$ cat query31.cif   # mmCIF, C-alpha atoms and all ligand atoms
data_entry
#
loop_
_atom_site.label_atom_id
_atom_site.label_comp_id
_atom_site.auth_asym_id
_atom_site.auth_seq_id
_atom_site.Cartn_x
_atom_site.Cartn_y
_atom_site.Cartn_z
CA PHE A 96 -48.04 -39.39 91.62
CA TYR A 97 -50.06 -37.03 93.70
CA VAL A 98 -53.82 -36.81 93.46
CA ASP A 99 -55.74 -34.33 95.58
CA LYS A 100 -59.39 -33.85 96.42
CA GLY A 101 -59.62 -30.42 94.87
CA ASN A 102 -62.74 -28.72 96.18
CA PHE A 103 -64.41 -31.95 97.19
CA ARG A 104 -64.84 -33.18 100.72
CA HIS A 105 -63.88 -36.77 99.95
CA PHE A 106 -62.17 -38.66 97.14
CA MET A 107 -65.35 -40.67 96.70
CA GLN A 108 -67.34 -37.51 96.05
CA LYS A 109 -64.71 -36.25 93.60
CA GLU A 110 -64.71 -39.58 91.80
CA ILE A 111 -68.51 -39.61 91.55
CA TYR A 112 -68.34 -36.17 89.95
CA GLU A 113 -65.58 -37.18 87.52
CA GLN A 114 -67.83 -39.77 85.89
CA PRO A 115 -69.11 -37.76 82.92
CA ASP A 116 -65.49 -37.10 81.89
CA VAL A 117 -63.99 -40.51 82.48
CA ILE A 118 -66.93 -42.29 80.85
CA SER A 119 -66.37 -40.07 77.84
CA HIS A 120 -62.65 -41.00 77.76
CA THR A 121 -63.44 -44.69 78.08
CA LEU A 122 -66.00 -44.46 75.28
CA SER A 123 -63.46 -42.86 72.98
CA SER A 124 -61.25 -45.94 73.13
CA PHE A 125 -64.09 -48.21 71.96
CA PHE A 126 -65.81 -46.02 69.41
CA ASP A 127 -64.89 -44.02 66.43
CA MET A 128 -67.26 -41.20 67.31
CA ALA A 129 -66.84 -39.56 63.92
CA ASN A 130 -68.58 -42.38 62.05
CA GLY A 131 -70.46 -44.10 64.88
CA ARG A 132 -68.68 -47.43 64.53
CA THR A 133 -67.29 -49.54 67.32
CA ARG A 134 -63.54 -49.99 67.30
CA LEU A 135 -61.52 -52.11 69.68
CA PRO A 136 -58.29 -50.65 71.04
CA ARG A 137 -55.42 -51.20 68.59
CA GLY A 138 -53.66 -54.54 68.93
CA GLN A 139 -56.42 -55.79 71.26
CA GLU A 140 -58.87 -56.99 68.62
CA VAL A 141 -60.82 -60.20 68.96
CA ASP A 142 -62.86 -62.13 66.44
CA PHE A 143 -66.06 -62.39 68.46
CA SER A 144 -67.70 -64.50 65.79
CA LYS A 145 -65.33 -67.34 66.77
CA ILE A 146 -66.32 -67.35 70.43
CA ASN A 147 -68.42 -70.33 71.34
CA ARG A 148 -68.99 -69.67 75.02
CA MET A 149 -67.53 -67.14 77.42
CA VAL A 150 -66.89 -67.16 81.14
CA LEU A 151 -66.73 -63.91 83.11
CA SER A 152 -65.21 -63.52 86.54
CA ALA A 153 -64.22 -60.79 89.00
CA CYS A 154 -64.54 -59.74 92.64
CA GLY A 155 -66.57 -57.11 94.47
CA THR A 156 -67.88 -54.25 92.40
CA GLY A 157 -66.03 -55.62 89.36
CA TYR A 158 -68.16 -58.73 89.67
CA TYR A 159 -71.35 -56.68 89.48
CA ALA A 160 -69.97 -54.96 86.39
CA ALA A 161 -69.26 -58.39 84.91
CA LEU A 162 -72.79 -59.52 85.80
CA THR A 163 -74.15 -56.56 83.84
CA GLY A 164 -71.65 -57.44 81.10
CA ARG A 165 -73.28 -60.81 80.82
CA TYR A 166 -76.68 -59.20 80.21
CA TYR A 167 -75.09 -56.95 77.58
CA LEU A 168 -73.19 -59.75 75.82
CA GLU A 169 -76.16 -62.05 75.77
CA ARG A 170 -78.63 -59.38 74.62
CA TYR A 171 -76.56 -57.56 72.02
CA ALA A 172 -74.15 -60.25 70.83
CA ARG A 173 -75.94 -63.52 71.71
CA ILE A 174 -72.76 -64.88 73.30
CA PRO A 175 -73.61 -67.60 75.84
CA CYS A 176 -72.00 -66.51 79.10
CA ASP A 177 -71.19 -68.18 82.39
CA ILE A 178 -70.24 -66.08 85.36
CA ASP A 179 -68.76 -66.63 88.78
CA VAL A 180 -67.01 -64.67 91.50
CA ALA A 181 -63.28 -65.27 91.12
CA SER A 182 -62.87 -66.90 94.53
CA GLU A 183 -65.34 -69.59 93.42
CA PHE A 184 -64.33 -69.90 89.78
CA ARG A 185 -60.73 -70.75 90.61
CA TYR A 186 -61.65 -73.62 92.94
CA ARG A 187 -64.86 -74.89 91.40
CA GLU A 188 -63.18 -77.29 89.00
CA SER A 189 -65.89 -76.53 86.50
CA PRO A 190 -65.54 -78.54 83.29
CA LEU A 191 -64.77 -75.80 80.77
CA SER A 192 -65.65 -77.82 77.69
CA GLY A 193 -67.16 -75.53 75.10
CA VAL A 194 -65.87 -72.41 76.88
CA ASP A 195 -63.12 -70.81 74.81
CA PHE A 196 -62.91 -67.26 76.12
CA ALA A 197 -62.54 -65.83 79.62
CA LEU A 198 -63.15 -62.18 80.51
CA PHE A 199 -61.97 -60.68 83.80
CA VAL A 200 -62.90 -57.29 85.22
CA SER A 201 -60.66 -55.50 87.71
CA GLN A 202 -59.98 -51.93 88.71
CA SER A 203 -56.59 -52.54 90.32
CA GLY A 204 -55.50 -55.48 88.18
CA GLU A 205 -54.01 -56.98 91.34
CA THR A 206 -56.85 -58.79 93.10
CA ALA A 207 -55.43 -62.16 94.14
CA ASP A 208 -58.48 -64.29 93.34
CA THR A 209 -59.07 -62.63 89.97
CA LEU A 210 -55.42 -63.10 89.04
CA ALA A 211 -55.51 -66.75 90.10
CA SER A 212 -58.66 -67.24 88.00
CA LEU A 213 -56.98 -65.66 84.99
CA ARG A 214 -54.02 -68.03 85.39
CA HIS A 215 -56.39 -70.97 85.76
CA ALA A 216 -58.25 -70.01 82.57
CA LYS A 217 -54.95 -69.67 80.68
CA ALA A 218 -53.78 -73.04 81.92
CA GLU A 219 -57.05 -74.50 80.63
CA GLY A 220 -56.24 -73.13 77.18
CA LEU A 221 -58.82 -70.33 77.08
CA THR A 222 -58.14 -66.97 75.47
CA THR A 223 -58.10 -64.43 78.28
CA ALA A 224 -59.11 -60.79 78.21
CA ALA A 225 -59.26 -58.20 80.97
CA VAL A 226 -61.22 -55.00 81.40
CA VAL A 227 -58.76 -53.29 83.70
CA ASN A 228 -58.14 -49.77 84.98
CA VAL A 229 -54.47 -49.91 86.02
CA ASP A 230 -52.55 -50.56 82.84
CA GLU A 231 -49.30 -51.53 84.51
CA SER A 232 -50.93 -54.15 86.71
CA THR A 233 -50.25 -57.86 86.85
CA ILE A 234 -53.62 -58.73 85.31
CA ALA A 235 -53.00 -56.27 82.45
CA ARG A 236 -49.61 -57.89 81.85
CA GLU A 237 -50.81 -61.46 81.95
CA ALA A 238 -54.09 -61.29 80.02
CA ASP A 239 -53.86 -62.08 76.30
CA ILE A 240 -56.04 -59.06 75.54
CA VAL A 241 -56.41 -55.85 77.55
CA TRP A 242 -59.38 -53.55 77.25
CA PRO A 243 -58.62 -50.52 79.39
CA THR A 244 -61.03 -48.41 81.32
CA LEU A 245 -59.80 -44.86 81.43
CA ALA A 246 -61.19 -43.94 84.86
CA GLY A 247 -57.87 -42.57 86.10
CA PRO A 248 -56.61 -43.27 89.63
CA GLU A 249 -59.42 -44.27 91.98
CA ILE A 250 -58.55 -43.51 95.62
CA GLY A 251 -61.85 -44.03 97.47
CA VAL A 252 -62.04 -47.62 98.64
CA ALA A 253 -65.66 -47.89 97.48
CA SER A 254 -65.46 -48.09 93.70
CA THR A 255 -67.55 -45.57 91.74
CA LYS A 256 -66.03 -44.22 88.55
CA ALA A 257 -64.16 -47.45 87.82
CA PHE A 258 -67.52 -49.28 87.95
CA THR A 259 -69.30 -47.03 85.46
CA CYS A 260 -66.26 -47.13 83.16
CA GLN A 261 -66.30 -50.92 83.35
CA LEU A 262 -69.99 -50.88 82.37
CA THR A 263 -69.21 -48.48 79.54
CA ALA A 264 -66.45 -50.71 78.20
CA LEU A 265 -68.62 -53.82 78.47
CA ALA A 266 -71.55 -52.14 76.72
CA ALA A 267 -69.29 -50.99 73.88
CA LEU A 268 -67.65 -54.41 73.59
CA SER A 269 -71.04 -56.08 73.39
CA VAL A 270 -72.03 -53.80 70.51
CA ALA A 271 -68.74 -54.54 68.70
CA ALA A 272 -69.30 -58.25 69.31
CA GLY A 273 -72.91 -58.05 68.13
CA VAL A 274 -71.86 -56.50 64.83
CA GLN A 275 -69.16 -59.11 64.23
CA ARG A 276 -71.55 -61.93 65.03
CA GLY A 277 -74.19 -60.59 62.68
CA VAL A 278 -76.66 -60.00 65.53
CA LEU A 279 -76.63 -56.22 65.08
CA SER A 280 -76.99 -54.42 61.78
CA ARG A 281 -75.04 -51.34 60.80
CA ASP A 282 -78.11 -49.30 61.74
CA ASP A 283 -78.33 -50.96 65.14
CA GLU A 284 -74.66 -50.18 65.68
CA LEU A 285 -75.20 -46.52 64.85
CA THR A 286 -78.23 -46.31 67.14
CA LEU A 287 -76.45 -47.96 70.06
CA ALA A 288 -73.27 -45.95 69.56
CA LYS A 289 -75.31 -42.78 69.54
CA ALA A 290 -77.10 -43.89 72.70
CA LEU A 291 -73.80 -44.59 74.48
CA SER A 292 -72.39 -41.25 73.41
CA GLU A 293 -75.17 -39.68 75.52
CA ALA A 294 -73.77 -41.23 78.72
CA PRO A 295 -71.63 -38.20 79.70
CA ARG A 296 -74.57 -35.80 79.27
CA LEU A 297 -77.01 -38.03 81.16
CA THR A 298 -74.63 -38.79 84.05
CA ASN A 299 -74.11 -35.04 84.32
CA ALA A 300 -77.88 -34.54 84.52
CA VAL A 301 -78.07 -37.06 87.37
CA LEU A 302 -75.43 -35.16 89.36
CA LYS A 303 -77.91 -32.28 89.46
CA LEU A 304 -80.14 -34.45 91.67
CA ASP A 305 -77.47 -34.42 94.37
CA SER A 306 -79.34 -32.28 96.92
CA LEU A 307 -82.58 -34.24 96.50
CA ILE A 308 -80.68 -37.48 97.13
CA GLU A 309 -78.88 -35.92 100.08
CA ARG A 310 -82.25 -35.23 101.71
CA LEU A 311 -83.32 -38.86 101.22
CA ALA A 312 -79.99 -39.96 102.67
CA HIS A 313 -80.68 -38.19 105.96
CA ASP A 314 -83.60 -40.51 106.49
CA MET A 315 -81.63 -43.55 105.32
CA ALA A 316 -79.00 -42.71 107.93
CA THR A 317 -81.54 -43.45 110.68
CA LYS A 318 -82.16 -47.02 109.43
CA ARG A 319 -80.46 -50.27 110.39
CA HIS A 320 -81.35 -52.25 107.27
CA ALA A 321 -82.18 -51.59 103.64
CA LEU A 322 -83.29 -53.66 100.69
CA PHE A 323 -82.44 -52.95 97.03
CA LEU A 324 -84.49 -54.46 94.21
CA GLY A 325 -84.02 -54.49 90.45
CA ARG A 326 -84.86 -56.64 87.45
CA GLY A 327 -83.06 -57.48 84.23
CA PHE A 328 -80.31 -54.99 83.41
CA ASN A 329 -80.97 -53.34 86.76
CA TYR A 330 -80.65 -56.44 88.91
CA PRO A 331 -76.83 -56.23 89.14
CA LEU A 332 -77.31 -52.57 90.07
CA ALA A 333 -79.48 -53.54 93.02
CA LEU A 334 -76.57 -55.68 94.22
CA GLU A 335 -74.11 -52.84 93.67
CA GLY A 336 -76.38 -50.28 95.37
CA ALA A 337 -76.60 -52.48 98.46
CA LEU A 338 -72.84 -53.11 98.43
CA LYS A 339 -72.09 -49.39 98.20
CA LEU A 340 -74.37 -48.59 101.15
CA LYS A 341 -73.04 -51.35 103.40
CA GLU A 342 -69.39 -50.66 102.56
CA ILE A 343 -69.35 -47.06 103.68
CA SER A 344 -72.33 -46.54 106.02
CA TYR A 345 -72.28 -50.01 107.69
CA ILE A 346 -76.06 -50.21 107.30
CA HIS A 347 -76.99 -53.80 106.59
CA ALA A 348 -78.17 -53.82 102.99
CA GLU A 349 -79.19 -56.61 100.65
CA GLY A 350 -79.71 -56.53 96.93
CA TYR A 351 -82.24 -58.89 95.34
CA ALA A 352 -83.68 -59.63 91.96
CA ALA A 353 -87.13 -58.06 92.28
CA GLY A 354 -88.80 -61.33 91.33
CA GLU A 355 -87.15 -63.04 94.31
CA LEU A 356 -88.93 -60.72 96.76
CA LYS A 357 -91.60 -63.33 97.43
CA HIS A 358 -89.02 -66.00 98.16
CA GLY A 359 -87.73 -64.55 101.38
CA PRO A 360 -87.05 -60.84 101.73
CA ILE A 361 -90.75 -59.94 101.80
CA ALA A 362 -90.77 -61.42 105.31
CA LEU A 363 -88.55 -58.52 106.40
CA ILE A 364 -90.85 -55.77 105.16
CA ASP A 365 -92.47 -53.51 107.73
CA ASP A 366 -92.73 -49.76 108.13
CA THR A 367 -89.11 -49.47 109.29
CA MET A 368 -87.67 -51.06 106.14
CA PRO A 369 -86.55 -48.78 103.31
CA VAL A 370 -86.72 -50.49 99.92
CA VAL A 371 -84.78 -48.90 97.09
CA VAL A 372 -86.29 -50.01 93.78
CA ILE A 373 -84.41 -49.41 90.53
CA ALA A 374 -87.15 -49.48 87.93
CA PRO A 375 -87.00 -47.40 84.77
CA TYR A 376 -89.99 -47.77 82.47
CA ASP A 377 -88.46 -50.66 80.54
CA ARG A 378 -89.80 -54.00 79.29
CA VAL A 379 -90.00 -55.40 82.85
CA PHE A 380 -91.40 -52.30 84.58
CA GLU A 381 -94.89 -53.74 85.06
CA LYS A 382 -93.48 -56.81 86.80
CA THR A 383 -91.42 -54.70 89.18
CA ALA A 384 -94.44 -52.45 89.75
CA SER A 385 -96.36 -55.37 91.20
CA ASN A 386 -93.41 -56.11 93.52
CA MET A 387 -93.59 -52.50 94.69
CA GLN A 388 -97.28 -52.87 95.43
CA GLU A 389 -96.47 -55.91 97.55
CA VAL A 390 -93.94 -53.86 99.50
CA ALA A 391 -96.31 -50.89 99.89
CA ALA A 392 -99.15 -53.15 101.10
CA ARG A 393 -96.90 -54.22 103.98
CA GLY A 394 -95.98 -50.68 104.95
CA GLY A 395 -92.46 -50.73 103.42
CA ARG A 396 -91.06 -47.33 102.51
CA ILE A 397 -90.13 -47.20 98.83
CA ILE A 398 -87.46 -45.06 97.26
CA LEU A 399 -88.12 -45.47 93.56
CA VAL A 400 -85.35 -44.67 91.11
CA THR A 401 -87.10 -44.37 87.78
CA ASP A 402 -87.56 -42.19 84.69
CA GLU A 403 -90.23 -39.73 83.57
CA ARG A 404 -92.49 -42.45 82.22
CA GLY A 405 -92.09 -44.61 85.32
CA ALA A 406 -92.93 -41.65 87.55
CA ALA A 407 -95.95 -40.77 85.42
CA SER A 408 -97.32 -44.30 85.80
CA GLY A 409 -98.16 -43.39 89.41
CA VAL A 410 -97.51 -46.96 90.42
CA VAL A 411 -96.92 -46.35 94.11
CA LYS A 412 -98.68 -43.40 95.69
CA ASP A 413 -96.36 -42.44 98.52
CA ALA A 414 -92.96 -43.54 97.19
CA GLU A 415 -90.03 -41.15 97.38
CA LEU A 416 -89.03 -40.56 93.77
CA ILE A 417 -85.66 -40.06 92.15
CA VAL A 418 -86.61 -39.27 88.57
CA LEU A 419 -83.99 -39.59 85.83
CA PRO A 420 -84.42 -38.58 82.21
CA ASP A 421 -85.81 -41.22 79.80
CA MET A 422 -82.97 -43.04 78.05
CA PRO A 423 -82.23 -46.12 75.91
CA GLU A 424 -81.88 -49.39 77.81
CA ILE A 425 -78.16 -49.84 77.10
CA LEU A 426 -77.45 -46.69 79.13
CA MET A 427 -79.53 -47.52 82.16
CA PRO A 428 -76.98 -49.50 84.23
CA ILE A 429 -74.37 -46.78 83.68
CA VAL A 430 -76.56 -43.81 84.51
CA TYR A 431 -78.64 -45.43 87.26
CA ALA A 432 -75.46 -46.27 89.18
CA LEU A 433 -75.00 -42.61 90.10
CA PRO A 434 -78.05 -42.04 92.32
CA LEU A 435 -77.14 -45.20 94.23
CA GLN A 436 -73.57 -43.96 94.74
CA LEU A 437 -74.84 -40.57 95.92
CA LEU A 438 -77.34 -42.17 98.28
CA ALA A 439 -74.60 -44.28 99.90
CA TYR A 440 -72.20 -41.35 99.97
CA HIS A 441 -74.54 -38.89 101.67
CA THR A 442 -75.81 -41.51 104.10
CA ALA A 443 -72.25 -42.25 105.20
CA VAL A 444 -71.32 -38.57 105.44
CA HIS A 445 -74.39 -37.94 107.56
CA MET A 446 -73.46 -40.82 109.85
CA GLY A 447 -69.90 -39.58 110.15
CA THR A 448 -68.12 -42.72 108.95
CA ASP A 449 -64.74 -42.67 107.22
CA VAL A 450 -66.05 -42.53 103.66
CA ASP A 451 -62.76 -42.94 101.80
CA GLN A 452 -61.27 -45.52 104.15
CA PRO A 453 -64.14 -47.61 105.53
CA ARG A 454 -63.25 -49.91 108.40
CA ASN A 455 -61.89 -53.38 107.59
CA LEU A 456 -61.84 -52.81 103.81
CA ALA A 457 -58.90 -52.50 101.44
CA LYS A 458 -58.77 -50.86 98.04
CA SER A 459 -57.06 -53.86 96.57
CA VAL A 460 -57.19 -57.34 98.06
CA THR A 461 -53.91 -58.95 97.12
CA VAL A 462 -54.15 -61.81 99.60
CA GLU A 463 -56.45 -64.79 99.24
C1 LIG B 1 -61.93 -54.57 96.97
C2 LIG B 1 -62.36 -53.12 96.76
C3 LIG B 1 -63.57 -53.07 95.84
C4 LIG B 1 -63.30 -53.80 94.54
C5 LIG B 1 -62.80 -55.23 94.78
C6 LIG B 1 -62.26 -55.83 93.50
O1 LIG B 1 -62.94 -55.24 97.68
O2 LIG B 1 -62.66 -52.52 98.00
O3 LIG B 1 -63.90 -51.72 95.57
O4 LIG B 1 -64.47 -53.85 93.78
O5 LIG B 1 -61.72 -55.22 95.72
O6 LIG B 1 -61.12 -55.10 93.12
P1 LIG B 1 -60.59 -54.95 91.66
O7 LIG B 1 -59.41 -54.01 91.80
O8 LIG B 1 -60.16 -56.31 91.19
O9 LIG B 1 -61.66 -54.39 90.82
#
$ encode --input "query31.cif" --output "structure tokens" --more "lines below"
Ligand code: G6P
Amino acid sequence: FYVDKGNFRHFMQKEIYEQPDVISHTLSSFFDMANGRTRLPRGQEVDFSKINRMVLSACGTGYYAALTGRYYLERYARIPCDIDVASEFRYRESPLSGVDFALFVSQSGETADTLASLRHAKAEGLTTAAVVNVDESTIAREADIVWPTLAGPEIGVASTKAFTCQLTALAALSVAAGVQRGVLSRDDELTLAKALSEAPRLTNAVLKLDSLIERLAHDMATKRHALFLGRGFNYPLALEGALKLKEISYIHAEGYAAGELKHGPIALIDDTMPVVVIAPYDRVFEKTASNMQEVAARGGRIILVTDERGAASGVVKDAELIVLPDMPEILMPIVYALPLQLLAYHTAVHMGTDVDQPRNLAKSVTVE
């Protein structure tokens, strides 16, 4: 089929802007919006109460979605989760005793290492499920259970809308699992479903910050290195933000759990180092705030992605702020992904790199 860029300059930009719609589509396959209950796609139901321990695996951006999925599944459904990148999982010879369920995340459904890991898990007798975007892919065919993301065709090599749809699916699945496992009450389910139904509106609101982020990107484009920090639900996002920037702008970027700052990356901080901190005013905000003070004391330049309450806390005096609306925690990874995508996008555009086809990268890695 033929997909065009419409009025957008790049496929990546178009795909960033499609997110409110495709997140909404993806949500509709996991929720019955009319009554606020979770609902797994027909024929793809699982009895989550029977799962003893789960392993998650994927590659690239899908891996960061899976890492967030682990936070969701542990928090909302109390499912013990192991996680590994697929290229390690398949060779690690990990004893899988006690693990009865394997969940794979893939946009293309063709990534060689993810497919090999799926086959390994099946051979070990685990039930396999895949959160996958291409429904006619090998992974979709071979997994016992398929939970589709409805992101539509993603052309830009750097994944954007597939990522937020993967997060959406994983959040919804964790709510469904939490209800079945008796961790969440009917009221909790309604509250979380209502929160998730706000994702299209909130992602749309973030797109309005585009020109502010573009201005910050002009400065980023003059840098050689960047650090991304986040805690808790926003730690995987720090990794994804750094990946996005390095993939398309070729600026060396590293993502770290904010608490690890002291264990190495703080040595890199000086007044030439931009530090992107993803810190909404959540239960770990104060901890991340002290990391920011450590960065500021060493002259590091902070770009703080936060919410109204985080901005009002005045934690760092001269940080550049990207202020998002206040929102429930379950939504944060989904919505906070967008400013990071826009920052990478505008930085790359400003530098004149090939945004949709970055050097040396492939959309789907079908060789090992
Ligand atoms: C490649 C792509 C990434 C993607 C990764 C995993 O590296 O460039 O955007 O995240 O493969 O691909 P998958 O299709 O399995 O999600």
$ residues_near_ligand --input "query31.cif" --ligand "ligand LIG 1 (chain B)" --cutoff "10 Å" --atoms "all atoms listed in the file" --output "MDAnalysis selection string"
chainID A and resid 152:160 181 199:210 226:229 232 234 249:255 257:258 261 335 338:339 342 452:453 455:461
$ atom_distance --input "query31.cif" --atom1 "atom CA of A:Leu122" --atom2 "atom CA of A:Ala439"
26.1 Å
$ closest_residue --input "query31.cif" --among "A:Gln275, A:Ser119, A:Gln114, A:Ser124" --to "A:Gln139" --atoms "all atoms listed in the file"
A:Ser124
$ residues_around --input "query31.cif" --residues "A:Asp314" --least-positions-apart "3" --cutoff "12 Å" --atoms "all atoms listed in the file" --output "MDAnalysis selection string"
chainID A and resid 307:311 317:321 367:369 396 398 415 438:439 441:443 445:446
$ residues_near_point --input "query31.cif" --point "(-77.0, -46.2, 77.5)" --cutoff "9 Å" --atoms "only C-alpha atoms" --output "PyMOL selection string"
chain A and resi 263+266+287-294+297+422-430
$ closest_residue --input "query31.cif" --among "A:Gly138, A:Tyr376, A:Leu322, A:Arg404" --to "A:Ile364" --atoms "all atoms listed in the file"
A:Leu322
$ atom_distance --input "query31.cif" --atom1 "atom CA of A:Asp239" --atom2 "atom CA of A:Gly277"
24.5 Å
$ residues_around --input "query31.cif" --residues "A:Val400" --least-positions-apart "6" --cutoff "8 Å" --atoms "all atoms listed in the file" --output "ChimeraX atom specification"
/A:371-375,416-419,431,434
$ atom_distance --input "query31.cif" --atom1 "atom CA of A:Leu363" --atom2 "atom CA of A:Leu399"
18.3 Å
$ residues_around --input "query31.cif" --residues "stretch 193-195 of chain A" --least-positions-apart "2" --cutoff "6 Å" --atoms "all atoms listed in the file" --output "VMD selection string"
chain A and resid 148 to 149 191 221
$ residues_around --input "query31.cif" --residues "A:Leu285" --least-positions-apart "6" --cutoff "12 Å" --atoms "all atoms listed in the file" --output "list in words"
Phe126, Asp127, Met128, Ala129, Asn130, Gly131, Arg132, Thr133, Ala267, Val270, Ala271, Val274, Leu279, Leu291 and Ser292 of chain A
$ axis_aligned_box --input "query31.cif" --around "stretch 325-332 of chain A" --padding-each-side "3 Å" --output "JSON"
{"center_x": -80.8, "center_y": -55.0, "center_z": 86.9, "size_x": 14.0, "size_y": 10.9, "size_z": 13.0}
$ closest_residue --input "query31.cif" --among "A:Glu113, A:Asp366, A:Asp377, A:Asp283" --to "A:Asn329" --atoms "all atoms listed in the file"
A:Asp377
$ closest_residue --input "query31.cif" --among "A:Asp421, A:Asp413, A:Asp282, A:Glu140" --to "A:Val241" --atoms "all atoms listed in the file"
A:Glu140
$ closest_residue --input "query31.cif" --among "A:Ala362, A:Leu435, A:Leu262, A:Met387" --to "A:Ala414" --atoms "all atoms listed in the file"
A:Met387
$ closest_residue --input "query31.cif" --among "A:Gly164, A:Gly447, A:Pro248, A:Gly101" --to "A:Tyr330" --atoms "only C-alpha atoms"
A:Gly164
